[in-house]
>>> print(open('work_36.txt').read())   # compact mmCIF, C-alpha atoms
# COMPACT_ATOMS: atom_id res chain seq x y z
CA MET A 283 46.04 144.64 127.09
CA LEU A 284 47.89 141.40 127.75
CA TRP A 285 51.07 143.23 128.78
CA SER A 286 49.21 145.38 131.31
CA THR A 287 47.54 142.23 132.66
CA ILE A 288 50.95 140.58 133.12
CA LEU A 289 52.22 143.70 134.95
CA LEU A 290 49.19 143.58 137.24
CA ALA A 291 49.92 139.91 137.92
CA PHE A 292 53.53 140.65 138.90
CA ARG A 293 52.35 143.51 141.10
CA ALA A 294 49.90 141.23 142.92
CA ILE A 295 52.59 138.57 143.38
CA ARG A 296 55.09 141.10 144.70
CA ARG A 297 52.50 142.46 147.11
CA ASN A 298 52.29 139.03 148.77
CA ALA A 299 55.82 137.81 148.09
CA VAL A 300 56.14 135.31 150.95
CA ARG A 301 52.72 133.78 150.30
CA SER A 302 53.50 133.54 146.58
CA LEU A 303 56.83 131.84 147.31
CA LEU A 304 55.19 129.24 149.52
CA THR A 305 52.47 128.75 146.90
CA VAL A 306 54.88 127.90 144.06
CA LEU A 307 57.10 125.72 146.27
CA GLY A 308 55.20 122.62 145.19
CA ILE A 309 55.73 123.50 141.53
CA VAL A 310 59.44 124.15 142.14
CA ILE A 311 59.92 120.81 143.89
CA GLY A 312 57.84 118.95 141.30
CA VAL A 313 59.68 120.33 138.27
CA ALA A 314 63.06 119.86 139.96
CA ALA A 315 62.24 116.27 140.92
CA VAL A 316 60.98 115.29 137.47
CA VAL A 317 63.88 116.84 135.56
CA THR A 318 66.49 115.52 138.02
CA MET A 319 65.13 111.96 137.92
CA VAL A 320 64.94 111.87 134.13
CA THR A 321 68.39 113.46 133.73
CA LEU A 322 70.00 110.95 136.11
CA GLY A 323 68.10 108.12 134.42
CA ASN A 324 69.41 109.18 131.02
CA GLY A 325 72.92 109.32 132.46
CA ALA A 326 72.54 105.85 133.97
CA THR A 327 71.29 104.50 130.64
CA ARG A 328 74.29 106.01 128.84
CA SER A 329 76.64 104.62 131.50
CA VAL A 330 75.19 101.10 131.16
CA SER A 331 75.50 101.24 127.37
CA GLU A 332 79.11 102.38 127.58
CA GLN A 333 79.98 99.70 130.13
CA ILE A 334 78.44 96.98 127.99
CA ALA A 335 80.28 98.36 124.96
CA SER A 336 83.54 98.20 126.92
CA LEU A 337 83.19 94.40 127.02
CA GLY A 338 83.72 94.40 123.27
CA SER A 339 82.12 95.55 120.05
CA ASN A 340 79.74 93.17 118.21
CA LEU A 341 80.57 90.48 120.72
CA LEU A 342 79.07 87.03 121.21
CA MET A 343 79.93 85.10 124.37
CA VAL A 344 79.58 81.31 124.38
CA LEU A 345 79.31 79.69 127.83
CA PRO A 346 78.72 76.07 128.88
CA GLY A 347 75.48 75.22 130.68
CA LYS A 348 71.74 75.24 129.90
CA ARG A 349 70.84 78.15 132.19
CA LEU A 350 72.39 81.49 133.10
CA GLY A 351 72.55 83.40 136.35
CA PRO A 352 72.59 82.03 139.92
CA GLY A 353 72.35 78.27 140.04
CA ARG A 354 73.17 77.73 136.37
CA ASP A 355 74.15 74.15 135.63
CA SER A 356 77.50 74.79 133.93
CA ALA A 357 79.15 72.26 136.24
CA GLY A 358 77.34 69.40 134.53
CA ALA A 359 78.04 70.63 130.99
CA PRO A 360 81.31 69.79 129.24
CA ALA A 361 83.77 72.63 128.84
CA PHE A 362 84.99 73.84 125.47
CA LYS A 363 88.28 72.82 123.87
CA ILE A 364 90.87 74.84 121.99
CA ALA A 365 89.85 72.90 118.86
CA ASP A 366 86.43 74.60 119.07
CA VAL A 367 88.14 77.93 118.48
CA ALA A 368 89.83 76.67 115.31
CA ALA A 369 86.53 75.21 114.05
CA ILE A 370 84.70 78.51 114.59
CA GLU A 371 87.41 80.46 112.77
CA VAL A 372 87.32 78.11 109.78
CA GLN A 373 83.59 77.35 109.43
CA ILE A 374 81.88 80.63 110.32
CA GLY A 375 82.32 83.75 108.26
CA ALA A 376 81.88 87.45 109.13
CA LEU A 377 84.10 87.08 112.19
CA LYS A 378 86.75 89.53 113.26
CA ALA A 379 88.39 87.35 115.91
CA VAL A 380 87.79 84.46 118.31
CA ALA A 381 89.42 84.13 121.72
CA PRO A 382 89.26 81.28 124.25
CA SER A 383 89.25 82.25 127.92
CA VAL A 384 89.69 80.61 131.30
CA THR A 385 89.46 82.56 134.54
CA THR A 386 90.44 81.75 138.08
CA GLY A 387 91.03 83.63 141.29
CA ALA A 388 94.59 84.02 142.56
CA THR A 389 96.62 85.95 145.10
CA LEU A 390 99.41 88.05 143.63
CA VAL A 391 102.61 88.86 145.52
CA HIS A 392 105.13 91.56 144.77
CA GLU A 393 107.84 92.17 147.35
CA ALA A 394 105.96 92.70 150.66
CA LYS A 395 102.57 93.35 149.09
CA ASN A 396 99.84 90.90 148.10
CA TRP A 397 96.52 91.33 146.32
CA ALA A 398 93.62 89.03 145.36
CA THR A 399 92.55 89.28 141.73
CA THR A 400 91.16 87.41 138.73
CA VAL A 401 93.61 85.79 136.33
CA THR A 402 92.49 85.30 132.72
CA GLY A 403 94.22 82.89 130.38
CA THR A 404 93.53 83.70 126.75
CA SER A 405 95.01 84.52 123.35
CA ARG A 406 96.29 87.76 121.87
CA ALA A 407 92.92 88.27 120.16
CA TYR A 408 91.39 88.89 123.59
CA PHE A 409 92.79 92.42 123.72
CA ALA A 410 91.28 93.46 120.38
CA ILE A 411 87.94 91.80 121.12
CA GLY A 412 87.62 93.45 124.53
CA ASN A 413 88.71 96.92 123.31
CA TRP A 414 91.68 96.87 125.68
CA LYS A 415 94.30 99.57 125.19
CA LEU A 416 97.82 99.63 126.61
CA VAL A 417 99.24 102.41 128.73
CA ALA A 418 102.73 100.95 128.78
CA GLY A 419 104.60 97.90 127.53
CA ARG A 420 103.11 95.33 125.14
CA VAL A 421 100.88 92.28 125.01
CA PHE A 422 102.47 88.84 125.08
CA SER A 423 103.86 87.69 121.71
CA ASP A 424 102.79 84.77 119.52
CA ALA A 425 105.89 82.88 120.57
CA GLU A 426 105.13 83.44 124.26
CA GLU A 427 101.54 82.36 123.69
CA LYS A 428 102.45 79.16 121.87
CA ALA A 429 105.17 78.24 124.34
CA GLY A 430 103.07 79.07 127.39
CA LYS A 431 105.63 81.52 128.73
CA ALA A 432 105.14 83.18 132.12
CA ALA A 433 104.36 86.64 130.70
CA CYS A 434 101.41 88.69 131.88
CA VAL A 435 99.60 91.99 131.33
CA ILE A 436 98.06 93.65 134.40
CA GLY A 437 95.18 96.03 134.99
CA GLU A 438 95.30 99.46 136.63
CA THR A 439 93.94 98.25 139.98
CA VAL A 440 96.66 95.60 140.26
CA ARG A 441 99.29 98.20 139.41
CA ARG A 442 98.00 100.61 142.04
CA GLU A 443 97.75 98.01 144.80
CA LEU A 444 101.06 96.22 144.20
CA PHE A 445 103.37 98.71 142.51
CA GLY A 446 102.16 102.17 143.60
CA ARG A 447 104.16 104.74 141.66
CA GLU A 448 106.66 102.15 140.47
CA ASP A 449 106.72 101.21 136.77
CA PRO A 450 105.44 97.62 136.65
CA VAL A 451 106.68 96.78 133.14
CA GLY A 452 109.57 94.32 133.42
CA ALA A 453 108.91 93.54 137.08
CA ARG A 454 108.40 90.02 138.41
CA LEU A 455 105.04 89.08 139.89
CA ARG A 456 104.31 85.87 141.78
CA VAL A 457 100.98 84.25 140.91
CA LYS A 458 100.27 81.44 143.36
CA GLN A 459 103.30 79.16 143.06
CA PHE A 460 105.02 80.60 139.98
CA SER A 461 106.51 83.89 138.92
CA CYS A 462 105.66 85.80 135.75
CA THR A 463 107.09 88.86 134.05
CA VAL A 464 104.84 91.89 133.63
CA VAL A 465 105.10 92.88 129.96
CA GLY A 466 102.26 95.41 129.73
CA LEU A 467 99.85 97.67 131.60
CA LEU A 468 96.21 98.03 130.48
CA ARG A 469 94.36 101.32 130.30
CA ALA A 470 91.74 101.67 133.04
CA LYS A 471 88.12 100.81 132.21
CA GLY A 472 86.45 101.14 135.61
CA GLN A 473 83.45 99.14 136.76
CA SER A 474 81.44 96.96 134.41
CA ALA A 475 77.65 97.01 134.14
CA MET A 476 77.60 94.08 136.58
CA GLY A 477 79.46 96.11 139.20
CA ASN A 478 82.81 94.31 139.15
CA ASP A 479 86.15 96.06 138.73
CA GLN A 480 87.41 95.39 135.20
CA ASP A 481 90.86 96.73 136.09
CA ASN A 482 91.45 94.14 138.82
CA THR A 483 92.79 91.60 136.35
CA VAL A 484 95.87 89.79 135.13
CA VAL A 485 95.94 88.43 131.57
CA MET A 486 98.38 85.72 130.51
CA PRO A 487 98.68 83.15 127.68
CA LEU A 488 96.04 80.43 127.73
CA ARG A 489 98.57 77.59 127.93
CA THR A 490 100.29 79.22 130.88
CA ALA A 491 97.03 79.48 132.83
CA GLN A 492 96.00 75.93 131.91
CA ARG A 493 99.34 74.40 132.83
CA ARG A 494 100.10 76.34 136.00
CA LEU A 495 96.71 77.38 137.40
CA THR A 496 93.76 75.27 136.24
CA GLY A 497 95.63 72.02 135.56
CA SER A 498 93.45 71.12 132.57
CA ARG A 499 92.99 71.93 128.89
CA ASP A 500 89.37 72.99 129.37
CA VAL A 501 88.17 76.37 128.08
CA GLY A 502 85.40 78.04 130.09
CA LEU A 503 84.40 80.82 127.69
CA LEU A 504 84.57 81.62 123.97
CA LEU A 505 84.58 85.25 122.88
CA VAL A 506 83.48 85.78 119.27
CA SER A 507 83.82 89.24 117.73
CA LEU A 508 81.84 90.02 114.57
CA ARG A 509 82.82 92.28 111.73
CA ASP A 510 81.06 95.64 111.46
CA GLY A 511 77.73 95.27 109.70
CA ALA A 512 77.53 91.51 110.22
CA ALA A 513 74.09 90.08 111.03
CA SER A 514 74.51 88.88 114.59
CA GLU A 515 71.34 86.73 114.51
CA ARG A 516 72.59 84.80 111.48
CA VAL A 517 76.04 84.30 112.93
CA GLN A 518 74.51 83.28 116.25
CA ASP A 519 72.40 80.61 114.50
CA GLN A 520 75.47 79.29 112.67
CA LEU A 521 77.42 79.24 115.90
CA VAL A 522 74.70 77.30 117.72
CA GLN A 523 74.49 74.74 114.89
CA LEU A 524 78.27 74.28 114.82
CA MET A 525 78.58 73.82 118.56
CA ARG A 526 75.69 71.33 118.60
CA GLU A 527 77.51 69.26 115.97
CA ARG A 528 80.84 69.42 117.78
CA ARG A 529 79.26 68.55 121.13
CA ARG A 530 77.19 65.75 119.54
CA ILE A 531 73.83 67.01 120.74
CA ALA A 532 70.89 65.10 119.29
CA ASP A 533 67.99 66.88 117.58
CA ASN A 534 65.65 66.10 120.49
CA GLU A 535 68.10 67.35 123.12
CA GLU A 536 68.51 70.86 124.49
CA ASP A 537 71.68 72.89 124.08
CA ASP A 538 74.20 72.43 126.89
CA PHE A 539 75.67 75.86 126.18
CA ASN A 540 74.49 79.47 125.84
CA VAL A 541 75.29 82.15 123.29
CA LEU A 542 74.93 85.70 124.57
CA ASP A 543 74.90 88.81 122.39
CA THR A 544 76.23 91.86 124.25
CA ARG A 545 74.04 94.15 122.13
CA GLN A 546 70.95 92.32 123.36
CA ILE A 547 72.23 92.59 126.93
CA ALA A 548 72.79 96.33 126.44
CA GLN A 549 69.29 96.79 124.99
CA ALA A 550 67.69 94.83 127.85
CA MET A 551 69.56 96.71 130.57
CA SER A 552 69.00 100.09 128.90
CA GLY A 553 65.30 99.29 128.55
CA THR A 554 65.08 98.42 132.24
CA THR A 555 66.83 101.67 133.17
CA ARG A 556 64.45 103.68 130.97
CA ILE A 557 61.40 102.06 132.57
CA MET A 558 62.72 102.86 136.04
CA THR A 559 63.38 106.44 134.93
CA MET A 560 59.81 106.78 133.65
CA LEU A 561 58.40 105.37 136.91
CA LEU A 562 60.50 107.71 139.04
CA GLY A 563 59.54 110.66 136.82
CA ALA A 564 55.86 109.76 137.12
CA VAL A 565 56.09 109.58 140.91
CA ALA A 566 57.89 112.93 141.01
CA ALA A 567 55.23 114.45 138.74
CA VAL A 568 52.63 113.89 141.48
CA SER A 569 54.16 116.80 143.40
CA LEU A 570 53.31 119.02 140.41
CA LEU A 571 49.64 118.25 140.96
CA VAL A 572 50.06 119.06 144.64
CA GLY A 573 51.63 122.36 143.62
CA GLY A 574 48.70 123.04 141.30
CA ILE A 575 46.24 122.49 144.14
CA GLY A 576 48.25 124.98 146.21
CA ILE A 577 47.95 127.55 143.42
CA MET A 578 44.20 127.02 143.18
CA ASN A 579 43.87 127.40 146.94
CA ILE A 580 45.82 130.64 147.11
CA MET A 581 43.99 132.07 144.09
CA LEU A 582 40.65 131.38 145.78
CA VAL A 583 41.94 133.20 148.84
CA SER A 584 43.07 136.05 146.59
CA VAL A 585 39.61 136.28 144.98
CA THR A 586 38.00 136.48 148.44
CA GLU A 587 40.42 139.15 149.62
CA ARG A 588 39.99 141.26 146.47
CA THR A 589 36.22 140.97 146.15
CA ARG A 590 35.67 144.76 146.45
CA GLU A 591 38.44 145.42 143.90
CA ILE A 592 36.82 142.99 141.46
CA GLY A 593 33.37 144.55 142.07
CA LEU A 594 34.75 148.04 141.46
CA ARG A 595 36.38 146.99 138.19
CA LEU A 596 33.20 145.36 136.99
CA ALA A 597 31.12 148.39 138.05
CA ILE A 598 33.22 150.87 136.05
CA GLY A 599 32.98 148.82 132.87
CA ALA A 600 35.48 145.95 133.01
CA LEU A 601 34.26 142.91 131.11
CA GLU A 602 34.04 139.42 132.58
CA HIS A 603 36.68 138.01 130.24
CA GLU A 604 39.10 140.78 131.32
CA VAL A 605 38.71 139.85 135.00
CA LEU A 606 39.00 136.18 134.03
CA LEU A 607 42.20 136.89 132.11
CA GLN A 608 43.68 138.88 135.02
CA PHE A 609 43.42 136.04 137.52
CA LEU A 610 44.29 133.36 134.97
CA VAL A 611 47.47 135.21 133.98
CA GLU A 612 48.35 135.63 137.65
CA ALA A 613 48.08 131.85 138.17
CA VAL A 614 50.11 131.11 135.03
CA VAL A 615 52.81 133.61 136.04
CA LEU A 616 53.04 131.97 139.47
CA SER A 617 53.38 128.47 138.01
CA SER A 618 55.81 129.63 135.30
CA LEU A 619 58.07 131.30 137.85
CA GLY A 620 57.96 128.09 139.87
CA GLY A 621 58.82 126.12 136.72
CA LEU A 622 61.84 128.31 135.97
CA ALA A 623 63.07 128.06 139.56
CA GLY A 624 62.55 124.28 139.40
CA LEU A 625 64.67 124.02 136.23
CA VAL A 626 67.51 125.93 137.87
CA LEU A 627 67.30 123.75 140.98
CA ALA A 628 67.15 120.60 138.82
CA THR A 629 70.29 121.59 136.91
CA ILE A 630 72.26 122.16 140.12
CA ALA A 631 70.95 118.96 141.74
CA SER A 632 71.45 116.72 138.69
CA VAL A 633 75.01 117.92 138.11
CA ALA A 634 75.91 117.31 141.76
CA LEU A 635 74.20 113.91 141.94
CA ALA A 636 75.66 112.78 138.60
CA ARG A 637 79.13 113.36 139.99
CA LEU A 638 78.23 111.62 143.22
CA ILE A 639 76.90 108.43 141.61
CA GLN A 640 79.46 108.65 138.77
CA VAL A 641 77.17 108.77 135.75
CA PRO A 642 77.45 111.24 132.87
CA TRP A 643 75.33 114.40 133.06
CA ILE A 644 73.26 114.75 129.90
CA PHE A 645 71.25 117.92 129.31
CA ASP A 646 67.89 116.95 127.82
CA LEU A 647 66.22 119.99 126.26
CA GLN A 648 63.04 118.02 125.61
CA ILE A 649 62.35 117.04 129.24
CA ASN A 650 63.21 120.55 130.42
CA ALA A 651 60.75 122.08 127.95
CA ILE A 652 58.06 119.51 128.77
CA ALA A 653 58.45 120.09 132.51
CA PHE A 654 58.20 123.87 132.10
CA LEU A 655 55.17 123.67 129.80
CA PHE A 656 53.53 121.19 132.16
CA ALA A 657 54.08 123.60 135.04
CA ALA A 658 52.52 126.44 133.03
CA GLY A 659 49.65 124.12 132.11
CA ILE A 660 49.12 123.37 135.79
CA GLY A 661 48.66 127.12 136.29
CA VAL A 662 46.03 127.24 133.55
CA LEU A 663 44.24 124.14 134.83
CA PHE A 664 44.09 125.03 138.52
CA GLY A 665 43.83 128.79 137.98
CA SER A 666 40.80 128.62 135.73
CA PHE A 667 38.28 127.84 138.51
CA PRO A 668 39.24 130.80 140.77
CA ALA A 669 39.44 133.05 137.68
CA ARG A 670 35.91 132.08 136.56
CA ARG A 671 34.65 132.59 140.10
CA ALA A 672 36.09 136.11 140.15
CA ALA A 673 34.67 136.95 136.70
CA ARG A 674 31.16 135.84 137.68
CA LEU A 675 30.91 137.99 140.81
CA ASP A 676 27.89 140.29 140.98
CA PRO A 677 29.32 143.87 141.07
CA ILE A 678 26.64 145.07 143.50
CA GLU A 679 27.13 142.19 145.92
CA ALA A 680 30.91 142.57 145.64
CA LEU A 681 30.80 146.30 146.51
CA ARG A 682 28.66 145.63 149.58
CA ARG A 683 31.38 143.44 151.16
CA GLU A 684 33.70 144.93 153.72
>>> encode(input="work_36.txt", output="structure tokens")
Amino acid sequence: MLWSTILLAFRAIRRNAVRSLLTVLGIVIGVAAVVTMVTLGNGATRSVSEQIASLGSNLLMVLPGKRLGPGRDSAGAPAFKIADVAAIEVQIGALKAVAPSVTTGATLVHEAKNWATTVTGTSRAYFAIGNWKLVAGRVFSDAEEKAGKAACVIGETVRRELFGREDPVGARLRVKQFSCTVVGLLRAKGQSAMGNDQDNTVVMPLRTAQRRLTGSRDVGLLLVSLRDGAASERVQDQLVQLMRERRRIADNEEDDFNVLDTRQIAQAMSGTTRIMTMLLGAVAAVSLLVGGIGIMNIMLVSVTERTREIGLRLAIGALEHEVLLQFLVEAVVLSSLGGLAGLVLATIASVALARLIQVPWIFDLQINAIAFLFAAGIGVLFGSFPARRAARLDPIEALRRE
């Protein structure tokens, strides 16, 4: 019975192929929009998480200043000292490494080429904390770090802009008014979650940067890497207490520094991305309702056109529920075909757009199944009224119609 009803539904759809195509267009667009938005949102969330993770694993960042973001008052807060690093290493457990960092902008010159970049002065621990890998060469040695030698490690962007196809390891690079030797090349990381190019960087010993670039012994940032499984909240509390003691902050005074946990940053940014994905998916789902109204409209037209056929079926013994099932199945078949076409379109669109905006494409079986079932449900919801109307026709009145 059900199979013959489905065959009748396909026959009716094929009889009015163009009209059926236009009817399900809203369902196709709705399903495609919902699945594409959610797929791209999932890819963006994964991309943000990976970019935050590229900053370092289990990482705490300690910055001077009471506030963060635009207008933060770090200028009025004292900078850190290299002695703070030693105190953290000695007095706080569960740490993997601690690295001081100072950054400044500089113009690099190699032969006839020049390039503006960010120079970071730090220790050897910086490379392990930041998950930096080498493509060629080495990092600067302990002896070079202690002596403040002019040795540097460059990022992929600097290599591309200044050296082209030339091997940079061993070459001389002028940074402002002094020359340094390139001892290593970092593996490319790409853009960070904040949008800046992580590969446009030069890393050199902290003493070298302080002596030749900043002209002071101040440290602008402390990077603290925790051991796997360490309780970041507990370590963060210990770190805050230690820095308050070292900076002589009274009990009634606010901190003049900030401790940021990259895992919290990742969770906040991922949560924001998920909310935006849900909002975009909800907006796209509105077109599914529009498609459902289109199905109801065309089914009402179909009932009017086939009034005599319905009356004849009822007159020769067809039951009301059989007529109801016929038109309901026809509506569900229409919406299901639209759902399948929408899934195909969504796959093509999401793959293309993921490459365009450079986020990973992640196939989500759950959202695909939900979108298809929702489309079929739209057929049931909006097809039930025309189907009931057809089933309740008076056979005599229906046969009288021309």
>>> closest_residue(input="work_36.txt", among="A:Leu635, A:Val484, A:Met525, A:Leu303", to="A:Ile577", atoms="only C-alpha atoms")
A:Leu303
>>> closest_residue(input="work_36.txt", among="A:Arg516, A:His392, A:Arg494, A:Arg469", to="A:Asp543", atoms="all atoms listed in the file")
A:Arg516
>>> residues_around(input="work_36.txt", residues="stretch 495-509 of chain A", least_positions_apart="5", cutoff="7 Å", atoms="all atoms listed in the file", output="PyMOL selection string")
chain A and resi 339-345+361-364+376-384+411
>>> closest_residue(input="work_36.txt", among="A:Val464, A:Ile309, A:Ile575, A:Ala613", to="A:Ala418", atoms="only C-alpha atoms")
A:Val464
>>> closest_residue(input="work_36.txt", among="A:Val541, A:Ser617, A:Ile639, A:Leu663", to="A:Ile311", atoms="all atoms listed in the file")
A:Ser617
>>> closest_residue(input="work_36.txt", among="A:Gly452, A:Gly412, A:Gly659, A:Gly375", to="A:Ala513", atoms="all atoms listed in the file")
A:Gly375
>>> atom_distance(input="work_36.txt", atom1="atom CA of A:Trp643", atom2="atom CA of A:Gly325")
5.7 Å
>>> atom_distance(input="work_36.txt", atom1="atom CA of A:Thr400", atom2="atom CA of A:Gln492")
14.2 Å
>>> closest_residue(input="work_36.txt", among="A:Ala398, A:Leu619, A:Ile374, A:Ala651", to="A:Val522", atoms="all atoms listed in the file")
A:Ile374
>>> atom_distance(input="work_36.txt", atom1="atom CA of A:Val465", atom2="atom CA of A:Ala453")
8.1 Å
>>> residues_near_point(input="work_36.txt", point="(105.8, 88.2, 124.9)", cutoff="12 Å", atoms="all atoms listed in the file", output="ChimeraX atom specification")
/A:405-406,419-435,451-452,462-466,485-487
>>> axis_aligned_box(input="work_36.txt", around="stretch 365-381 of chain A", padding_each_side="3 Å", output="JSON")
{"center_x": 85.9, "center_y": 81.2, "center_z": 115.0, "size_x": 14.0, "size_y": 22.6, "size_z": 19.5}
>>> residues_around(input="work_36.txt", residues="A:Ile370", least_positions_apart="2", cutoff="8 Å", atoms="all atoms listed in the file", output="list in words")
Asp366, Val367, Ala368, Val372, Gln373, Ile374, Val380, Leu521 and Leu524 of chain A
>>> residues_near_point(input="work_36.txt", point="(99.8, 97.6, 145.5)", cutoff="10 Å", atoms="all atoms listed in the file", output="mmCIF file with C-alpha atoms, in the frame of the given file")
data_model
loop_
_atom_site.group_PDB
_atom_site.id
_atom_site.type_symbol
_atom_site.label_atom_id
_atom_site.label_comp_id
_atom_site.auth_asym_id
_atom_site.auth_seq_id
_atom_site.Cartn_x
_atom_site.Cartn_y
_atom_site.Cartn_z
ATOM 1 C CA LEU A 390 99.410 88.050 143.630
ATOM 2 C CA VAL A 391 102.610 88.860 145.520
ATOM 3 C CA HIS A 392 105.130 91.560 144.770
ATOM 4 C CA GLU A 393 107.840 92.170 147.350
ATOM 5 C CA ALA A 394 105.960 92.700 150.660
ATOM 6 C CA LYS A 395 102.570 93.350 149.090
ATOM 7 C CA ASN A 396 99.840 90.900 148.100
ATOM 8 C CA TRP A 397 96.520 91.330 146.320
ATOM 9 C CA THR A 439 93.940 98.250 139.980
ATOM 10 C CA VAL A 440 96.660 95.600 140.260
ATOM 11 C CA ARG A 441 99.290 98.200 139.410
ATOM 12 C CA ARG A 442 98.000 100.610 142.040
ATOM 13 C CA GLU A 443 97.750 98.010 144.800
ATOM 14 C CA LEU A 444 101.060 96.220 144.200
ATOM 15 C CA PHE A 445 103.370 98.710 142.510
ATOM 16 C CA GLY A 446 102.160 102.170 143.600
ATOM 17 C CA ARG A 447 104.160 104.740 141.660
ATOM 18 C CA GLU A 448 106.660 102.150 140.470
#
>>> residues_around(input="work_36.txt", residues="A:Leu625", least_positions_apart="3", cutoff="7 Å", atoms="all atoms listed in the file", output="ChimeraX atom specification")
/A:313-314,621-622,628-629,650
>>> decode(input="work_36.txt", residues="stretch 506-518 of chain A", atoms="N, CA and C atoms", output="mmCIF file, in the first residue's frame")
data_model
loop_
_atom_site.group_PDB
_atom_site.id
_atom_site.type_symbol
_atom_site.label_atom_id
_atom_site.label_comp_id
_atom_site.auth_asym_id
_atom_site.auth_seq_id
_atom_site.Cartn_x
_atom_site.Cartn_y
_atom_site.Cartn_z
ATOM 1 N N VAL A 506 54.560 31.644 30.689
ATOM 2 C CA VAL A 506 54.680 30.570 31.679
ATOM 3 C C VAL A 506 53.962 29.341 31.138
ATOM 4 N N SER A 507 54.709 28.280 30.895
ATOM 5 C CA SER A 507 54.139 27.042 30.363
ATOM 6 C C SER A 507 53.981 26.030 31.490
ATOM 7 N N LEU A 508 52.780 25.447 31.597
ATOM 8 C CA LEU A 508 52.487 24.486 32.662
ATOM 9 C C LEU A 508 52.716 23.061 32.184
ATOM 10 N N ARG A 509 53.002 22.196 33.136
ATOM 11 C CA ARG A 509 53.111 20.780 32.818
ATOM 12 C C ARG A 509 51.729 20.212 32.480
ATOM 13 N N ASP A 510 51.718 19.126 31.723
ATOM 14 C CA ASP A 510 50.452 18.479 31.378
ATOM 15 C C ASP A 510 49.753 17.995 32.645
ATOM 16 N N GLY A 511 48.466 18.303 32.745
ATOM 17 C CA GLY A 511 47.692 17.882 33.902
ATOM 18 C C GLY A 511 47.730 18.842 35.067
ATOM 19 N N ALA A 512 48.520 19.905 34.975
ATOM 20 C CA ALA A 512 48.603 20.875 36.067
ATOM 21 C C ALA A 512 47.319 21.692 36.144
ATOM 22 N N ALA A 513 46.915 22.043 37.354
ATOM 23 C CA ALA A 513 45.707 22.852 37.554
ATOM 24 C C ALA A 513 46.044 24.309 37.293
ATOM 25 N N SER A 514 45.588 24.815 36.163
ATOM 26 C CA SER A 514 45.961 26.167 35.765
ATOM 27 C C SER A 514 45.436 27.220 36.732
ATOM 28 N N GLU A 515 44.227 26.992 37.306
ATOM 29 C CA GLU A 515 43.669 27.980 38.238
ATOM 30 C C GLU A 515 44.544 28.116 39.480
ATOM 31 N N ARG A 516 45.027 26.980 39.977
ATOM 32 C CA ARG A 516 45.881 26.999 41.175
ATOM 33 C C ARG A 516 47.203 27.678 40.886
ATOM 34 N N VAL A 517 47.811 27.332 39.763
ATOM 35 C CA VAL A 517 49.074 27.961 39.393
ATOM 36 C C VAL A 517 48.874 29.451 39.158
ATOM 37 N N GLN A 518 47.761 29.811 38.534
ATOM 38 C CA GLN A 518 47.476 31.215 38.271
ATOM 39 C C GLN A 518 47.355 32.001 39.585
#
